[in-house]
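Trainee: You'll find query15.cif just under this line, and it carries mmCIF, C-alpha atoms.
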```cif
data_run
loop_
_atom_site.label_atom_id
_atom_site.label_comp_id
_atom_site.auth_asym_id
_atom_site.auth_seq_id
_atom_site.Cartn_x
_atom_site.Cartn_y
_atom_site.Cartn_z
CA MET T 279 132.53 31.51 138.05
CA LYS T 280 131.39 34.62 139.92
CA GLU T 281 132.72 33.11 143.11
CA ILE T 282 136.11 32.49 141.53
CA ILE T 283 136.38 36.10 140.32
CA GLU T 284 135.43 37.26 143.81
CA LYS T 285 138.13 35.09 145.31
CA ILE T 286 140.73 36.48 142.90
CA THR T 287 139.75 40.06 143.68
CA ASP T 288 139.88 39.17 147.38
CA VAL T 289 143.51 38.18 146.92
CA PHE T 290 144.31 41.64 145.57
CA PHE T 291 142.15 43.38 148.20
CA SER T 292 144.09 41.58 150.89
CA LEU T 293 147.14 43.54 149.74
CA LYS T 294 146.18 46.45 151.93
CA ASN T 295 148.35 45.94 154.94
CA PRO T 296 152.12 46.49 154.66
CA GLU T 297 152.99 42.91 155.64
CA MET T 298 150.93 41.49 152.79
CA ILE T 299 152.40 43.98 150.32
CA ALA T 300 155.91 43.06 151.42
CA ALA T 301 155.08 39.38 151.10
CA PHE T 302 153.58 39.97 147.64
CA VAL T 303 156.61 41.93 146.43
CA LEU T 304 159.05 39.36 147.80
CA PHE T 305 157.05 36.51 146.28
CA VAL T 306 156.86 38.14 142.85
CA VAL T 307 160.53 39.12 142.87
CA PHE T 308 161.58 35.63 143.91
CA PHE T 309 159.42 33.80 141.38
CA THR T 310 160.29 36.25 138.60
CA ALA T 311 163.95 35.52 139.24
CA VAL T 312 163.32 31.75 139.35
CA TYR T 313 161.29 31.76 136.11
CA TYR T 314 163.70 34.12 134.33
CA LEU T 315 166.82 32.15 135.23
CA MET T 316 165.05 28.88 134.39
CA PHE T 317 163.89 30.02 130.93
CA LYS T 318 167.21 31.68 130.15
CA PHE T 319 169.09 28.57 131.21
CA LEU T 320 166.83 26.34 129.12
CA LYS T 321 167.25 28.58 126.08
CA GLU T 322 171.03 28.54 126.44
CA ASN T 323 170.89 24.76 126.51
CA GLY T 324 168.78 24.58 123.37
CA ALA T 325 165.57 23.56 125.14
CA THR T 326 163.29 26.42 124.02
CA MET T 327 160.46 23.94 123.46
CA LEU T 328 160.76 22.64 127.02
CA SER T 329 160.53 26.18 128.43
CA ALA T 330 157.36 26.77 126.38
CA ILE T 331 155.89 23.50 127.69
CA ILE T 332 156.72 24.50 131.28
CA ALA T 333 155.19 27.99 130.88
CA VAL T 334 152.00 26.51 129.41
CA SER T 335 151.90 23.80 132.11
CA VAL T 336 152.20 26.39 134.89
CA ILE T 337 149.30 28.36 133.40
CA VAL T 338 147.11 25.31 132.74
CA LEU T 339 147.75 23.77 136.18
CA GLY T 340 147.15 27.18 137.76
CA PHE T 341 143.77 27.45 136.07
CA ILE T 342 142.90 23.88 137.06
CA ARG T 343 143.59 24.83 140.68
CA ILE T 344 141.57 28.07 140.38
CA PHE T 345 138.56 26.31 138.84
CA THR T 346 138.62 23.37 141.22
CA ILE T 347 139.20 25.42 144.37
CA ASN T 348 135.78 24.52 145.72
CA TYR T 349 136.17 20.80 145.19
CA GLY T 350 138.96 20.16 147.66
CA ILE T 351 141.63 19.48 145.05
CA SER T 352 145.00 19.03 146.65
CA GLU T 353 147.00 22.04 147.75
CA LEU T 354 149.93 20.40 146.00
CA PHE T 355 149.19 22.54 142.96
CA THR T 356 150.78 25.41 144.79
CA LEU T 357 154.07 23.56 144.70
CA MET T 358 154.10 23.07 140.93
CA PRO T 359 156.69 25.78 140.05
CA LEU T 360 159.10 24.18 142.50
CA PHE T 361 158.31 20.80 140.97
CA PHE T 362 159.39 22.04 137.52
CA VAL T 363 162.57 23.51 138.95
CA PHE T 364 163.26 20.17 140.63
CA VAL T 365 162.71 18.22 137.39
CA ILE T 366 165.02 20.56 135.45
CA ALA T 367 167.64 20.33 138.19
CA LEU T 368 167.53 16.54 137.87
CA VAL T 369 167.65 16.44 134.07
CA TYR T 370 170.26 19.17 133.65
CA SER T 371 172.36 18.55 136.75
CA VAL T 372 175.65 18.58 134.83
CA GLU T 373 174.74 21.71 132.85
CA ILE T 374 173.59 23.51 136.01
CA LYS T 375 176.89 22.69 137.64
CA ARG T 376 178.74 24.14 134.65
CA PHE T 377 176.41 27.17 134.51
CA LEU T 378 176.98 27.97 138.18
CA TRP T 379 180.69 27.29 137.86
CA SER T 380 181.02 29.70 134.94
CA ARG T 381 179.09 32.37 136.88
CA VAL T 382 181.33 31.96 139.90
CA ASN T 383 184.53 31.78 137.87
CA LYS T 384 184.24 34.67 135.50
CA ILE T 385 187.40 33.65 133.62
CA SER T 386 186.32 31.92 130.47
CA ASP T 387 188.40 29.18 128.94
CA ASN T 388 188.04 30.23 125.37
CA LYS T 389 187.03 33.83 125.07
CA HIS T 390 190.40 35.43 124.88
CA ASN T 391 192.16 36.32 121.64
CA ILE T 392 188.98 36.87 119.64
CA LYS T 393 189.15 40.62 119.88
CA ASN T 394 191.66 43.07 118.41
CA LEU T 395 192.14 40.95 115.33
CA ASP T 396 195.05 41.87 113.16
CA GLU T 397 194.30 41.57 109.43
CA ALA T 398 197.75 40.24 108.46
CA GLU T 399 197.62 37.68 111.23
CA ILE T 400 194.21 36.47 110.11
CA THR T 401 195.26 36.18 106.47
CA GLN T 402 198.16 34.05 107.65
CA CYS T 403 195.84 31.87 109.74
CA ILE T 404 193.54 31.34 106.77
CA ASP T 405 196.49 30.42 104.52
CA GLU T 406 197.88 28.00 107.09
CA ILE T 407 194.54 26.24 107.57
CA ILE T 408 193.97 25.95 103.82
CA ARG T 409 197.48 24.60 103.24
CA ALA T 410 197.07 22.01 106.00
CA VAL T 411 193.62 20.92 104.78
CA GLN T 412 194.79 20.60 101.18
CA ASN T 413 197.88 18.62 102.15
CA MET T 414 195.80 16.26 104.28
CA SER T 415 193.26 15.91 101.50
CA LYS T 416 196.02 15.05 99.02
CA ASN T 417 197.48 12.42 101.35
CA ASP T 418 194.10 10.99 102.45
CA VAL T 419 194.65 11.96 106.05
CA GLY T 420 191.38 12.26 107.95
CA ALA T 421 190.81 15.48 109.86
CA ILE T 422 188.13 17.33 111.76
CA ILE T 423 188.64 20.99 112.58
CA VAL T 424 186.05 23.00 114.50
CA LEU T 425 186.05 26.76 114.02
CA ALA T 426 184.60 28.14 117.23
CA ASN T 427 184.05 31.72 118.20
CA GLY T 428 184.37 31.61 121.95
CA ASN T 429 181.31 29.41 122.37
CA MET T 430 182.86 25.99 122.77
CA PRO T 431 181.42 24.12 125.78
CA ALA T 432 184.07 23.53 128.43
CA ASN T 433 183.34 19.80 128.64
CA ILE T 434 184.26 19.32 124.98
CA LEU T 435 187.49 21.27 125.39
CA GLU T 436 188.32 19.27 128.49
CA SER T 437 187.77 15.98 126.64
CA GLY T 438 190.86 16.69 124.55
CA VAL T 439 194.31 18.07 125.14
CA LYS T 440 194.82 21.79 125.61
CA VAL T 441 197.13 23.13 122.92
CA GLU T 442 196.91 26.96 122.98
CA ALA T 443 199.26 27.33 120.02
CA ASP T 444 199.49 29.56 116.97
CA ILE T 445 197.93 28.14 113.82
CA THR T 446 200.49 26.55 111.54
CA SER T 447 199.93 23.99 108.81
CA GLN T 448 202.75 21.82 110.21
CA LEU T 449 201.09 21.62 113.62
CA ILE T 450 197.66 20.82 112.16
CA GLU T 451 199.11 18.12 109.92
CA SER T 452 201.15 16.66 112.78
CA VAL T 453 198.09 16.40 115.01
CA PHE T 454 196.10 14.51 112.37
CA PHE T 455 198.96 12.31 111.22
CA PRO T 456 197.69 8.69 111.49
CA LYS T 457 198.70 6.65 114.51
CA THR T 458 199.52 9.72 116.59
CA PRO T 459 197.59 9.91 119.89
CA LEU T 460 195.49 12.96 118.98
CA HIS T 461 194.65 12.21 115.34
CA ASP T 462 191.25 10.68 116.05
CA GLY T 463 189.71 13.61 117.90
CA ALA T 464 188.66 17.05 116.79
CA MET T 465 190.86 20.11 116.72
CA ILE T 466 189.27 23.27 118.09
CA ILE T 467 190.38 26.55 116.57
CA ASN T 468 189.32 29.72 118.28
CA GLY T 469 190.37 33.01 116.75
CA THR T 470 194.03 32.85 115.87
CA LYS T 471 194.84 29.99 118.22
CA ILE T 472 194.53 26.24 118.18
CA LEU T 473 192.77 25.77 121.48
CA ALA T 474 192.67 22.01 121.86
CA ALA T 475 193.10 18.76 119.94
CA GLY T 476 191.84 15.23 120.32
CA CYS T 477 188.45 16.44 121.54
CA PHE T 478 185.35 14.25 121.54
CA LEU T 479 182.30 15.70 119.85
CA PRO T 480 178.67 14.66 120.11
CA LEU T 481 177.57 12.51 117.16
CA SER T 482 174.70 13.53 114.93
CA GLN T 483 171.69 11.22 115.19
CA LYS T 484 170.40 12.08 111.73
CA GLU T 485 169.14 9.04 109.88
CA ASN T 486 169.28 10.43 106.36
CA LEU T 487 173.04 10.88 106.14
CA PRO T 488 174.79 9.08 103.27
CA LYS T 489 176.23 5.71 104.24
CA GLU T 490 179.76 6.70 103.18
CA LEU T 491 179.94 9.32 105.91
CA GLY T 492 181.60 7.77 108.91
CA THR T 493 181.82 8.62 112.57
CA ARG T 494 184.14 11.58 111.95
CA HIS T 495 181.56 13.20 109.68
CA ARG T 496 178.78 12.44 112.15
CA ALA T 497 180.80 14.14 114.89
CA GLY T 498 181.46 17.13 112.64
CA ILE T 499 177.75 17.46 111.92
CA GLY T 500 176.71 16.77 115.52
CA ILE T 501 178.61 19.67 117.03
CA THR T 502 177.17 22.17 114.53
CA GLU T 503 173.67 20.97 115.45
CA MET T 504 174.37 21.85 119.07
CA ILE T 505 176.22 25.14 118.86
CA ASP T 506 176.97 27.82 116.29
CA VAL T 507 180.31 26.64 114.92
CA THR T 508 181.69 25.67 111.52
CA THR T 509 183.41 22.33 110.97
CA ILE T 510 185.96 21.48 108.29
CA LEU T 511 186.22 17.77 107.53
CA VAL T 512 188.70 15.79 105.48
CA SER T 513 187.68 12.26 104.63
CA GLU T 514 190.25 9.59 105.39
CA GLU T 515 189.04 7.27 102.61
CA THR T 516 188.55 9.73 99.78
CA GLY T 517 190.33 12.91 100.84
CA ILE T 518 187.15 14.87 100.11
CA ILE T 519 186.94 18.17 101.99
CA SER T 520 183.57 19.05 103.49
CA ILE T 521 182.24 22.02 105.42
CA VAL T 522 179.43 21.73 107.95
CA LYS T 523 177.33 24.60 109.22
CA ALA T 524 174.16 24.33 111.29
CA GLY T 525 173.97 20.60 110.64
CA ASN T 526 174.21 20.97 106.84
CA ILE T 527 177.16 19.37 105.15
CA THR T 528 178.61 20.67 101.88
CA ARG T 529 180.99 18.22 100.25
CA TYR T 530 183.65 18.54 97.54
CA ILE T 531 184.96 21.87 98.79
CA ASP T 532 187.80 23.44 96.81
CA SER T 533 190.37 25.88 98.16
CA GLU T 534 188.38 28.89 96.99
CA ALA T 535 185.21 27.83 98.83
CA LEU T 536 187.32 27.00 101.87
CA ARG T 537 188.89 30.46 101.76
CA LYS T 538 185.42 32.02 101.54
CA THR T 539 184.22 30.04 104.56
CA LEU T 540 187.28 30.94 106.61
CA HIS T 541 187.01 34.56 105.56
CA LYS T 542 183.40 34.62 106.67
CA PHE T 543 184.32 32.91 109.93
CA TYR T 544 187.02 35.44 110.78
CA TRP T 545 185.42 38.62 109.52
CA GLN T 546 181.79 38.05 110.36
CA ASP T 547 181.43 35.35 112.97
CA ILE T 548 184.29 36.47 115.17
CA ALA T 549 184.15 40.20 114.46
CA ALA T 550 180.46 40.22 115.41
CA LYS T 551 181.28 38.99 118.89
CA MET R 111 183.64 43.09 106.88
CA LYS R 112 180.06 43.62 107.89
CA LYS R 113 179.04 42.37 111.25
CA ARG R 114 176.69 39.47 111.47
CA GLU R 115 173.48 39.62 113.48
CA GLN R 116 174.10 38.89 117.12
CA ILE R 117 173.30 35.35 118.15
CA LYS R 118 172.96 36.51 121.75
CA MET R 119 169.50 37.26 123.07
CA PRO R 120 168.58 40.83 122.05
CA VAL R 121 167.63 43.34 124.76
CA TRP R 122 163.98 43.52 123.70
CA ALA R 123 163.72 39.72 124.00
CA LYS R 124 165.21 39.90 127.50
CA ILE R 125 162.72 42.64 128.50
CA LEU R 126 159.85 40.63 127.00
CA LEU R 127 160.98 37.50 128.82
CA GLY R 128 161.33 39.47 132.06
CA PHE R 129 157.85 40.91 131.67
CA GLY R 130 156.42 37.47 130.95
CA CYS R 131 158.15 36.12 134.03
CA VAL R 132 156.67 38.91 136.20
CA LEU R 133 153.20 38.06 134.89
CA LEU R 134 153.79 34.37 135.53
CA ALA R 135 155.01 35.18 139.06
CA VAL R 136 151.88 37.28 139.78
CA PHE R 137 149.75 34.45 138.39
CA THR R 138 151.58 31.98 140.65
CA PHE R 139 150.90 34.28 143.62
CA VAL R 140 147.17 34.32 142.81
CA VAL R 141 147.13 30.53 142.43
CA VAL R 142 148.91 30.06 145.75
CA MET R 143 146.86 32.62 147.69
CA ILE R 144 143.38 31.87 146.35
#
```
What would you get if you wrote out this structure as structure tokens?

Mentor:
Amino acid sequence: MKEIIEKITDVFFSLKNPEMIAAFVLFVVFFTAVYYLMFKFLKENGATMLSAIIAVSVIVLGFIRIFTINYGISELFTLMPLFFVFVIALVYSVEIKRFLWSRVNKISDNKHNIKNLDEAEITQCIDEIIRAVQNMSKNDVGAIIVLANGNMPANILESGVKVEADITSQLIESVFFPKTPLHDGAMIINGTKILAAGCFLPLSQKENLPKELGTRHRAGIGITEMIDVTTILVSEETGIISIVKAGNITRYIDSEALRKTLHKFYWQDIAAK
Amino acid sequence: MKKREQIKMPVWAKILLGFGCVLLAVFTFVVVMI
């Protein structure tokens, strides 16, 4: 133990000459940047647990190397941070590509039009959405509308058809009208615009969902489990309106509750951005 | 019309994370150099 402490202090004592100090500073700056970007990236991709596991693994493996330094344990331990980076790069290759792409191309697909909100315009949007949802509910037309606030992943938007149109009940109803090409996918509303339609959403893998909830409901729940959005669902079989937030579905929504949700979405979720 | 809490990482969390990363980097240096 004494020997180990001596060795550690030796490392810091060796930082006397300028070359070693420069090497130390460069090393620390480089690894700080690698760790920081790695943890930030993992958090953005909802893998907070994985970043905790990696941090603990680095510390534990580091101590294993320190304590076994006299027993000729492989020098490979020194490569462990790079090993974790390599594993993450393999697992998240698609996300890394998107992450780098978004850093290089500063223009975001879906972040415009969420600022400078006009109150009259928003009231009109809310009315139009409610009218469309109620009409579809009355006519048993299935629908899935995602209310995003500039946080929709690009791959989901790209899976559908870009619309970029003002919100009108006629347009919403037309998109979800049965047997039309886009009726099966999700409509993404961002601010006062319909951003895309016919989008594919990730399905929820929850096992305790009621049997009567079909794939559309699973998709509506799935997306809210992944990112902070609200989903409005209209059942094709029963016309029941549901709202999903953070993976929790509330069924049998009336127009008043729908108005409250939309009001909250526009005045708190978007305004907070 | 009150604003909701920011979902983005707050500044103190970023500073904390940065500090943790510096410590981890120094630890890695010790592990490599020992």

Trainee: Write out as a PyMOL selection string the residues lying within 12 Å of Phe137 in chain R, counting all atoms listed in the file and excluding same-chain residues fewer than 5 positions away.

Mentor: (chain T and resi 286+289-290+302+305-306+309-310+333+336-341+343-344+356+359) or (chain R and resi 130-132+142-144)

Trainee: What does the PyMOL selection byres ((chain T and resi 525-542) around 8) select in this file, as a PyMOL selection string?

Mentor: chain T and resi 404+408+412+499-503+518-524+543-547

Trainee: Would you compute the distance between CA of Val365 in chain T and CA of Phe319 in chain T? Give it in Å to one decimal.

Mentor: 13.6 Å

Trainee: Please determine the residues with any atom at most 7 Å from (191.2, 15.1, 100.8) (coordinates as given in the file, with all atoms listed in the file counting) and report them as a PDB file with C-alpha atoms, in the coordinates of the input.

Mentor:
```
ATOM      1  CA  GLN T 412     194.790  20.600 101.180  1.00  0.00           C
ATOM      2  CA  MET T 414     195.800  16.260 104.280  1.00  0.00           C
ATOM      3  CA  SER T 415     193.260  15.910 101.500  1.00  0.00           C
ATOM      4  CA  LYS T 416     196.020  15.050  99.020  1.00  0.00           C
ATOM      5  CA  ASN T 417     197.480  12.420 101.350  1.00  0.00           C
ATOM      6  CA  ASP T 418     194.100  10.990 102.450  1.00  0.00           C
ATOM      7  CA  VAL T 512     188.700  15.790 105.480  1.00  0.00           C
ATOM      8  CA  SER T 513     187.680  12.260 104.630  1.00  0.00           C
ATOM      9  CA  THR T 516     188.550   9.730  99.780  1.00  0.00           C
ATOM     10  CA  GLY T 517     190.330  12.910 100.840  1.00  0.00           C
ATOM     11  CA  ILE T 518     187.150  14.870 100.110  1.00  0.00           C
ATOM     12  CA  ILE T 519     186.940  18.170 101.990  1.00  0.00           C
TER      13      ILE T 519
END
```

Trainee: Give as a PDB file with C-alpha atoms, keeping the file's coordinate frame each residue that has an atom at most 10 Å from (159.5, 34.7, 131.1) in the file, counting only C-alpha atoms.

Mentor:
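Dumped everything to point05.pdb:
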```pdb
ATOM      1  CA  THR T 310     160.290  36.250 138.600  1.00  0.00           C
ATOM      2  CA  ALA T 311     163.950  35.520 139.240  1.00  0.00           C
ATOM      3  CA  VAL T 312     163.320  31.750 139.350  1.00  0.00           C
ATOM      4  CA  TYR T 313     161.290  31.760 136.110  1.00  0.00           C
ATOM      5  CA  TYR T 314     163.700  34.120 134.330  1.00  0.00           C
ATOM      6  CA  LEU T 315     166.820  32.150 135.230  1.00  0.00           C
ATOM      7  CA  MET T 316     165.050  28.880 134.390  1.00  0.00           C
ATOM      8  CA  PHE T 317     163.890  30.020 130.930  1.00  0.00           C
ATOM      9  CA  LYS T 318     167.210  31.680 130.150  1.00  0.00           C
ATOM     10  CA  SER T 329     160.530  26.180 128.430  1.00  0.00           C
ATOM     11  CA  ALA T 330     157.360  26.770 126.380  1.00  0.00           C
ATOM     12  CA  ALA T 333     155.190  27.990 130.880  1.00  0.00           C
TER      13      ALA T 333
ATOM     14  CA  ALA R 123     163.720  39.720 124.000  1.00  0.00           C
ATOM     15  CA  LYS R 124     165.210  39.900 127.500  1.00  0.00           C
ATOM     16  CA  ILE R 125     162.720  42.640 128.500  1.00  0.00           C
ATOM     17  CA  LEU R 126     159.850  40.630 127.000  1.00  0.00           C
ATOM     18  CA  LEU R 127     160.980  37.500 128.820  1.00  0.00           C
ATOM     19  CA  GLY R 128     161.330  39.470 132.060  1.00  0.00           C
ATOM     20  CA  PHE R 129     157.850  40.910 131.670  1.00  0.00           C
ATOM     21  CA  GLY R 130     156.420  37.470 130.950  1.00  0.00           C
ATOM     22  CA  CYS R 131     158.150  36.120 134.030  1.00  0.00           C
ATOM     23  CA  VAL R 132     156.670  38.910 136.200  1.00  0.00           C
ATOM     24  CA  LEU R 133     153.200  38.060 134.890  1.00  0.00           C
ATOM     25  CA  LEU R 134     153.790  34.370 135.530  1.00  0.00           C
ATOM     26  CA  ALA R 135     155.010  35.180 139.060  1.00  0.00           C
TER      27      ALA R 135
END
```

Trainee: Calculated over all atoms listed in the file, which of the candidates T:Ile342, T:Ala475, T:Met279, T:Leu368 has the smallest distance to chain R?

Mentor: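 The shortest atom-to-atom distance to chain R comes from T:Ile342.
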
Trainee: What is the distance between CA of Ser437 in chain T and CA of Gly463 in chain T, in Å to one decimal?

Mentor: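 Rounded to one decimal, the two atoms are 9.3 Å apart.
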
Trainee: Care to translate the PyMOL selection byres ((chain T and resi 406) around 10) into actual residues of this file, as a PDB file with C-alpha atoms, in the frame of the given file?

Mentor:
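Everything below was put into selection_20.pdb:
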```pdb
ATOM      1  CA  ILE T 400     194.210  36.470 110.110  1.00  0.00           C
ATOM      2  CA  THR T 401     195.260  36.180 106.470  1.00  0.00           C
ATOM      3  CA  GLN T 402     198.160  34.050 107.650  1.00  0.00           C
ATOM      4  CA  CYS T 403     195.840  31.870 109.740  1.00  0.00           C
ATOM      5  CA  ILE T 404     193.540  31.340 106.770  1.00  0.00           C
ATOM      6  CA  ASP T 405     196.490  30.420 104.520  1.00  0.00           C
ATOM      7  CA  ILE T 407     194.540  26.240 107.570  1.00  0.00           C
ATOM      8  CA  ILE T 408     193.970  25.950 103.820  1.00  0.00           C
ATOM      9  CA  ARG T 409     197.480  24.600 103.240  1.00  0.00           C
ATOM     10  CA  ALA T 410     197.070  22.010 106.000  1.00  0.00           C
ATOM     11  CA  VAL T 411     193.620  20.920 104.780  1.00  0.00           C
ATOM     12  CA  GLN T 412     194.790  20.600 101.180  1.00  0.00           C
ATOM     13  CA  ILE T 445     197.930  28.140 113.820  1.00  0.00           C
ATOM     14  CA  THR T 446     200.490  26.550 111.540  1.00  0.00           C
ATOM     15  CA  SER T 447     199.930  23.990 108.810  1.00  0.00           C
ATOM     16  CA  GLN T 448     202.750  21.820 110.210  1.00  0.00           C
ATOM     17  CA  LEU T 449     201.090  21.620 113.620  1.00  0.00           C
ATOM     18  CA  ILE T 450     197.660  20.820 112.160  1.00  0.00           C
TER      19      ILE T 450
END
```

Trainee: As an exercise, work out the distance from CA of Ile299 in chain T to CA of Lys285 in chain T in Å and give it to one decimal place.

Mentor: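 About the pair CA of Ile299 in chain T and CA of Lys285 in chain T: they are 17.5 Å apart.
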
Trainee: Under the rule that all atoms listed in the file are counted, which of T:Ala325, T:Leu320, T:Leu357, T:Leu435 is the nearest residue to chain R?

Mentor: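 Answer, going by the shortest atom-to-atom distance: T:Leu357.
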
Trainee: Could you write range 128-141 of chain R as a CSV table (one decimal), in the coordinates of the input, with N, CA, C and O atoms rebuilt where they are missing?

Mentor:
```csv
chain,number,residue,atom,x,y,z
R,128,GLY,N,161.5,39.0,130.7
R,128,GLY,CA,161.3,39.5,132.1
R,128,GLY,C,159.9,39.8,132.4
R,128,GLY,O,159.4,39.4,133.4
R,129,PHE,N,159.2,40.5,131.5
R,129,PHE,CA,157.8,40.9,131.7
R,129,PHE,C,156.9,39.7,131.8
R,129,PHE,O,156.1,39.6,132.7
R,130,GLY,N,157.2,38.7,130.9
R,130,GLY,CA,156.4,37.5,131.0
R,130,GLY,C,156.6,36.8,132.3
R,130,GLY,O,155.7,36.2,132.9
R,131,CYS,N,157.8,36.8,132.8
R,131,CYS,CA,158.2,36.1,134.0
R,131,CYS,C,157.4,36.8,135.2
R,131,CYS,O,157.0,36.2,136.1
R,132,VAL,N,157.4,38.2,135.1
R,132,VAL,CA,156.7,38.9,136.2
R,132,VAL,C,155.2,38.5,136.2
R,132,VAL,O,154.6,38.2,137.3
R,133,LEU,N,154.6,38.5,135.0
R,133,LEU,CA,153.2,38.1,134.9
R,133,LEU,C,153.0,36.7,135.4
R,133,LEU,O,152.0,36.4,136.2
R,134,LEU,N,153.9,35.8,135.1
R,134,LEU,CA,153.8,34.4,135.5
R,134,LEU,C,153.9,34.3,137.1
R,134,LEU,O,153.2,33.5,137.7
R,135,ALA,N,154.8,35.2,137.6
R,135,ALA,CA,155.0,35.2,139.1
R,135,ALA,C,153.8,35.7,139.8
R,135,ALA,O,153.3,35.1,140.8
R,136,VAL,N,153.1,36.7,139.2
R,136,VAL,CA,151.9,37.3,139.8
R,136,VAL,C,150.8,36.2,139.7
R,136,VAL,O,150.0,36.0,140.7
R,137,PHE,N,150.7,35.5,138.6
R,137,PHE,CA,149.8,34.4,138.4
R,137,PHE,C,150.0,33.4,139.4
R,137,PHE,O,149.0,32.9,140.1
R,138,THR,N,151.3,33.0,139.6
R,138,THR,CA,151.6,32.0,140.6
R,138,THR,C,151.1,32.4,142.0
R,138,THR,O,150.6,31.6,142.8
R,139,PHE,N,151.3,33.7,142.3
R,139,PHE,CA,150.9,34.3,143.6
R,139,PHE,C,149.4,34.1,143.8
R,139,PHE,O,148.9,33.7,144.8
R,140,VAL,N,148.6,34.4,142.7
R,140,VAL,CA,147.2,34.3,142.8
R,140,VAL,C,146.8,32.9,143.0
R,140,VAL,O,146.0,32.5,143.9
R,141,VAL,N,147.4,32.0,142.3
R,141,VAL,CA,147.1,30.5,142.4
R,141,VAL,C,147.4,30.0,143.8
R,141,VAL,O,146.7,29.3,144.4
```
